[in-house]
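A.B. asks: Below is the file structure.cif, with mmCIF, C-alpha atoms.
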```
data_query
loop_
_atom_site.label_atom_id
_atom_site.label_comp_id
_atom_site.auth_asym_id
_atom_site.auth_seq_id
_atom_site.Cartn_x
_atom_site.Cartn_y
_atom_site.Cartn_z
CA MET A 1241 49.70 60.54 -28.74
CA ILE A 1242 47.47 57.58 -29.65
CA GLY A 1243 44.59 59.13 -27.68
CA GLY A 1244 44.89 62.32 -29.71
CA MET A 1245 44.93 60.39 -32.97
CA LEU A 1246 41.86 58.39 -31.96
CA PHE A 1247 40.07 61.58 -30.98
CA GLY A 1248 40.92 63.11 -34.36
CA VAL A 1249 39.68 60.06 -36.28
CA PHE A 1250 36.50 59.89 -34.18
CA SER A 1251 35.94 63.63 -34.74
CA LEU A 1252 36.30 63.25 -38.49
CA ILE A 1253 33.78 60.39 -38.48
CA LEU A 1254 31.34 62.65 -36.62
CA VAL A 1255 31.94 65.41 -39.19
CA ILE A 1256 31.15 63.00 -42.03
CA LEU A 1257 27.98 61.83 -40.27
CA ALA A 1258 26.90 65.44 -39.65
CA VAL A 1259 27.44 66.26 -43.34
CA LEU A 1260 25.37 63.24 -44.41
CA LEU A 1261 22.58 64.18 -42.00
CA THR A 1262 22.69 67.80 -43.20
CA ILE A 1263 22.32 66.66 -46.80
CA GLN A 1264 19.29 64.56 -45.85
CA PHE A 1265 17.56 67.52 -44.16
CA LEU A 1266 18.36 69.86 -47.04
CA ARG A 1267 16.92 67.36 -49.53
CA ILE A 1268 13.50 67.22 -47.88
CA LYS A 1269 11.03 68.55 -50.43
CA PHE A 1270 8.42 71.19 -49.67
CA PRO A 1271 5.70 70.90 -48.47
CA PHE A 1272 6.79 69.09 -45.36
CA GLU A 1273 4.77 68.37 -42.25
CA ARG A 1274 6.48 70.79 -39.84
CA PRO A 1275 7.98 73.57 -41.97
CA LEU A 1276 9.09 75.91 -39.16
CA LEU A 1277 10.81 73.15 -37.21
CA ILE A 1278 12.47 71.78 -40.36
CA THR A 1279 13.64 75.29 -41.28
CA GLY A 1280 15.18 75.72 -37.83
CA ILE A 1281 16.86 72.32 -38.12
CA ARG A 1282 18.25 73.20 -41.55
CA TYR A 1283 19.80 76.42 -40.26
CA ALA A 1284 21.14 74.53 -37.24
CA PHE A 1285 22.84 71.93 -39.43
CA ILE A 1286 24.48 74.66 -41.52
CA SER A 1287 25.73 76.19 -38.27
CA ILE A 1288 27.02 72.78 -37.20
CA LEU A 1289 29.01 72.58 -40.43
CA VAL A 1290 30.75 75.81 -39.40
CA ALA A 1291 31.37 74.30 -35.94
CA ASN A 1292 32.83 71.19 -37.58
CA ILE A 1293 35.13 73.33 -39.73
CA ALA A 1294 36.28 75.03 -36.52
CA GLY A 1295 36.85 71.58 -35.01
CA ILE A 1296 38.95 70.50 -37.98
CA TRP A 1297 40.83 73.80 -37.68
CA MET A 1298 41.67 72.93 -34.06
CA ILE A 1299 42.74 69.41 -35.07
CA LEU A 1300 45.08 70.80 -37.72
CA LEU A 1301 46.55 73.33 -35.30
CA GLN A 1302 46.56 70.77 -32.48
CA ASP A 1303 45.45 73.65 -30.30
CA ARG A 1304 42.41 75.84 -29.76
CA PHE A 1305 44.31 79.12 -29.90
CA THR A 1306 45.23 81.02 -33.04
CA GLY A 1307 47.15 84.25 -33.39
CA ASP A 1308 47.60 86.45 -30.34
CA MET A 1309 44.21 85.96 -28.68
CA GLY A 1310 41.96 83.99 -31.06
CA ASN A 1311 40.15 81.09 -29.41
CA ILE A 1312 38.59 78.67 -31.90
CA ILE A 1313 36.63 76.87 -29.16
CA VAL A 1314 34.24 79.85 -28.96
CA LEU A 1315 33.36 79.49 -32.64
CA HIS A 1316 33.14 75.72 -32.26
CA GLY A 1317 30.81 75.94 -29.25
CA ILE A 1318 28.51 78.64 -30.62
CA GLY A 1319 28.19 76.69 -33.85
CA PHE A 1320 27.01 73.58 -32.02
CA HIS A 1321 24.61 75.52 -29.77
CA ALA A 1322 22.50 76.17 -32.87
CA LEU A 1323 20.93 72.79 -32.07
CA GLN A 1324 19.10 74.60 -29.28
CA THR A 1325 19.09 78.21 -30.41
CA LEU A 1326 17.65 77.64 -33.88
CA VAL A 1327 15.48 74.58 -33.36
CA ILE A 1328 13.59 75.69 -30.23
CA PRO A 1329 12.24 78.90 -31.85
CA GLY A 1330 10.94 76.81 -34.77
CA TRP A 1331 9.19 74.52 -32.31
CA LEU A 1332 7.71 77.47 -30.40
CA LEU A 1333 6.53 79.16 -33.58
CA GLU A 1334 4.71 76.10 -34.82
CA LYS A 1335 2.71 75.98 -31.55
CA ILE A 1336 1.38 79.56 -31.67
CA GLN A 1337 -1.39 81.28 -33.54
CA LEU A 1338 0.25 83.97 -35.62
CA GLN A 1339 0.23 84.78 -39.31
CA ASP A 1340 2.37 82.31 -41.26
CA GLN A 1341 4.25 85.17 -42.90
CA MET A 1342 5.23 86.56 -39.47
CA LYS A 1343 6.30 83.10 -38.27
CA ASN A 1344 8.48 82.64 -41.36
CA ARG A 1345 10.04 86.07 -40.91
CA LEU A 1346 10.87 85.35 -37.28
CA ILE A 1347 12.52 81.98 -37.98
CA HIS A 1348 14.49 83.32 -40.97
CA TYR A 1349 15.54 86.64 -39.43
CA GLY A 1350 16.63 84.99 -36.20
CA SER A 1351 18.47 82.14 -37.91
CA ILE A 1352 20.19 84.39 -40.45
CA ALA A 1353 21.28 86.76 -37.67
CA TRP A 1354 22.72 83.75 -35.77
CA MET A 1355 24.56 82.51 -38.87
CA LEU A 1356 25.99 85.95 -39.68
CA SER A 1357 27.12 86.27 -36.08
CA ILE A 1358 28.99 82.97 -36.39
CA ILE A 1359 30.65 84.18 -39.59
CA VAL A 1360 31.73 87.42 -37.90
CA ILE A 1361 33.07 85.45 -34.92
CA GLY A 1362 34.95 83.21 -37.36
CA ILE A 1363 36.54 86.21 -39.05
CA GLN A 1364 37.53 87.72 -35.70
CA THR A 1365 39.01 84.39 -34.61
CA ALA A 1366 40.86 83.93 -37.92
CA LEU A 1367 42.41 87.36 -37.37
CA GLY A 1368 43.81 85.97 -34.11
CA ARG A 1369 41.75 88.35 -31.99
CA THR A 1370 39.52 87.58 -29.03
CA VAL A 1371 35.76 87.88 -29.55
CA PHE A 1372 35.48 89.53 -26.13
CA GLU A 1373 37.14 92.82 -27.06
CA LEU A 1374 35.14 95.95 -27.88
CA THR A 1375 36.06 96.37 -31.52
CA THR A 1376 33.94 96.46 -34.66
CA LEU A 1377 33.54 92.74 -35.38
CA PRO A 1378 32.56 91.64 -31.85
CA ILE A 1379 30.13 94.57 -31.61
CA ILE A 1380 28.53 93.56 -34.93
CA SER A 1381 28.34 89.99 -33.68
CA GLY A 1382 26.68 91.17 -30.47
CA ILE A 1383 24.10 93.19 -32.42
CA LEU A 1384 23.34 90.16 -34.58
CA LEU A 1385 22.90 87.99 -31.48
CA LEU A 1386 20.53 90.63 -30.06
CA ILE A 1387 18.48 90.42 -33.27
CA TRP A 1388 18.35 86.63 -32.84
CA LEU A 1389 17.40 87.05 -29.17
CA SER A 1390 14.60 89.48 -30.03
CA THR A 1391 13.06 86.93 -32.41
CA VAL A 1392 13.23 84.28 -29.68
CA ILE A 1393 11.62 86.66 -27.18
CA VAL A 1394 8.78 87.46 -29.61
CA ALA A 1395 8.21 83.74 -30.25
CA SER A 1396 8.32 82.98 -26.51
CA VAL A 1397 5.90 85.78 -25.61
CA HIS A 1398 3.41 84.56 -28.21
CA PHE A 1399 3.87 80.97 -27.02
CA ILE A 1400 3.23 81.92 -23.38
CA LYS A 1401 0.25 84.07 -24.35
CA ASN A 1402 -1.19 81.20 -26.41
CA TRP A 1403 -0.53 78.70 -23.61
CA ARG A 1404 -2.22 80.94 -21.01
CA THR A 1405 -5.26 81.43 -23.27
CA ASN A 1406 -5.60 77.67 -23.81
CA THR A 1407 -5.12 76.97 -20.08
CA LEU A 1408 -7.83 79.46 -19.14
CA ARG A 1409 -10.22 77.93 -21.68
CA THR A 1410 -9.70 74.42 -20.31
CA ASN A 1411 -10.49 75.72 -16.80
CA GLY A 1412 -13.81 77.16 -18.02
CA ILE A 1413 -12.65 80.78 -17.97
CA THR A 1414 -12.70 82.85 -21.13
CA PRO A 1415 -9.58 84.98 -21.69
CA ASN A 1416 -11.59 88.20 -21.28
CA GLN A 1417 -12.74 87.17 -17.77
CA GLY A 1418 -9.24 86.33 -16.51
#
```
For the file at hand, write its structure as structure tokens.
C.D. replies:
Amino acid sequence: MIGGMLFGVFSLILVILAVLLTIQFLRIKFPFERPLLITGIRYAFISILVANIAGIWMILLQDRFTGDMGNIIVLHGIGFHALQTLVIPGWLLEKIQLQDQMKNRLIHYGSIAWMLSIIVIGIQTALGRTVFELTTLPIISGILLLIWLSTVIVASVHFIKNWRTNTLRTNGITPNQG
């Protein structure tokens, strides 16, 4: 009982700290030094807020299940994974040579698709349904995650292509010779 209460208090402290950190990142004024990375971090922190809401939801229920098959831990986990899934593409995009407009589109399209997917998963979970069934909401969520994945693949391909070109140049080989 005391362990559960301590966990709840500790969790709420982490939520407050995450909110304060989110506010700090959202207050950074443009132009900033690394705009693509900062944009990815901003989207990630918004996603973390959703994950924290899911965490508070579990604390209030004192369980991770809701309804017949809803599992809040899925929403909670996917929300926190934005720390990798939305920040790494921003980092990759800032390292490649591509039009700035295309880079901005990739980071925004991918991040917005991720966020919409989380919202759809949240709705499915709130309905007490599993996100692993083949109904409309999970299918929409899957399509949104595929959109996010496609932006990550495009960023990764350009990053690898840029890295290979730079590696060949440092070895004295021009990219056309390789």
A.B. asks: On this file, the PyMOL selection byres ((chain A and resi 1377) around 12) gives some set of residues; write that set as a compact mmCIF listing (two decimals) with C-alpha atoms, in the frame of the given file.
C.D. replies:
```
# COMPACT_ATOMS: atom_id res chain seq x y z
CA LEU A 1356 25.99 85.95 -39.68
CA SER A 1357 27.12 86.27 -36.08
CA ILE A 1358 28.99 82.97 -36.39
CA ILE A 1359 30.65 84.18 -39.59
CA VAL A 1360 31.73 87.42 -37.90
CA ILE A 1361 33.07 85.45 -34.92
CA GLY A 1362 34.95 83.21 -37.36
CA ILE A 1363 36.54 86.21 -39.05
CA GLN A 1364 37.53 87.72 -35.70
CA THR A 1365 39.01 84.39 -34.61
CA ALA A 1366 40.86 83.93 -37.92
CA LEU A 1367 42.41 87.36 -37.37
CA ARG A 1369 41.75 88.35 -31.99
CA THR A 1370 39.52 87.58 -29.03
CA VAL A 1371 35.76 87.88 -29.55
CA PHE A 1372 35.48 89.53 -26.13
CA GLU A 1373 37.14 92.82 -27.06
CA LEU A 1374 35.14 95.95 -27.88
CA THR A 1375 36.06 96.37 -31.52
CA THR A 1376 33.94 96.46 -34.66
CA PRO A 1378 32.56 91.64 -31.85
CA ILE A 1379 30.13 94.57 -31.61
CA ILE A 1380 28.53 93.56 -34.93
CA SER A 1381 28.34 89.99 -33.68
CA GLY A 1382 26.68 91.17 -30.47
CA ILE A 1383 24.10 93.19 -32.42
CA LEU A 1384 23.34 90.16 -34.58
```
A.B. asks: Convert the output of the PyMOL selection byres ((chain A and resi 1296) around 12) on the shown file into explicit residues, formatted as a PyMOL selection string.
C.D. replies: chain A and resi 1247-1256+1289-1295+1297-1304+1312-1313+1315-1316
A.B. asks: Smallest atom-to-atom distance to Gly1310 in chain A: which of A:Arg1267, A:Asn1402, A:Gly1330, A:Gly1368, using only C-alpha atoms?
C.D. replies: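 Smallest separation from Gly1310 in chain A among the options: A:Gly1368.
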A.B. asks: Choose the residue, out of A:Ala1353, A:Glu1334, A:Val1394, A:Arg1345, that has the smallest atom-to-atom separation from Glu1273 in chain A; count all atoms listed in the file.
C.D. replies: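 Ranked by minimum distance to Glu1273 in chain A, first place goes to A:Glu1334.
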A.B. asks: If I take CA of Val1259 in chain A and CA of Ile1286 in chain A, how far is one from the other in Å, to one decimal?
C.D. replies: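 Separation between CA of Val1259 in chain A and CA of Ile1286 in chain A: 9.1 Å.
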A.B. asks: Figure out the distance between CA of Phe1320 in chain A and CA of Gln1264 in chain A, please, to one decimal in Å.
C.D. replies: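 Separation between CA of Gln1264 in chain A and CA of Phe1320 in chain A: 18.2 Å.
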A.B. asks: When you draw a straight line from CA of Ser1396 in chain A to CA of Trp1354 in chain A, how long is it in Å?
C.D. replies: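 Straight-line distance from CA of Ser1396 in chain A to CA of Trp1354 in chain A works out to 17.1 Å.
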A.B. asks: For a quick check of understanding, using all atoms listed in the file, which of A:Pro1275, A:Gly1243, A:Gly1350, A:Gly1307 has the smallest distance to Ala1395 in chain A?
C.D. replies: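 Looking only at the distances to Ala1395 in chain A, the closest residue turns out to be A:Gly1350.
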A.B. asks: Between A:Val1392, A:Leu1346, A:Ile1387, A:Val1397, which is the closest to Leu1276 in chain A once you count all atoms listed in the file?
C.D. replies: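 Among A:Val1392, A:Leu1346, A:Ile1387, A:Val1397, it is A:Leu1346 that comes nearest to Leu1276 in chain A.
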A.B. asks: Please enumerate the residues selected by the PyMOL selection byres ((chain A and resi 1283) around 9) when evaluated against the supplied file, formatted as a PyMOL selection string.
C.D. replies: chain A and resi 1278-1282+1284-1288+1322+1326-1327+1348+1351-1352+1355
A.B. asks: Hey, could you pull the box centre and edge lengths for range 1354-1360 of chain A, axis-aligned, 5 Å padding per side, all listed atoms, to one decimal in Å, as AutoDock Vina command-line options?
C.D. replies:
```
--center_x 27.2 --center_y 85.0 --center_z -37.7 --size_x 19.0 --size_y 14.9 --size_z 13.9
```
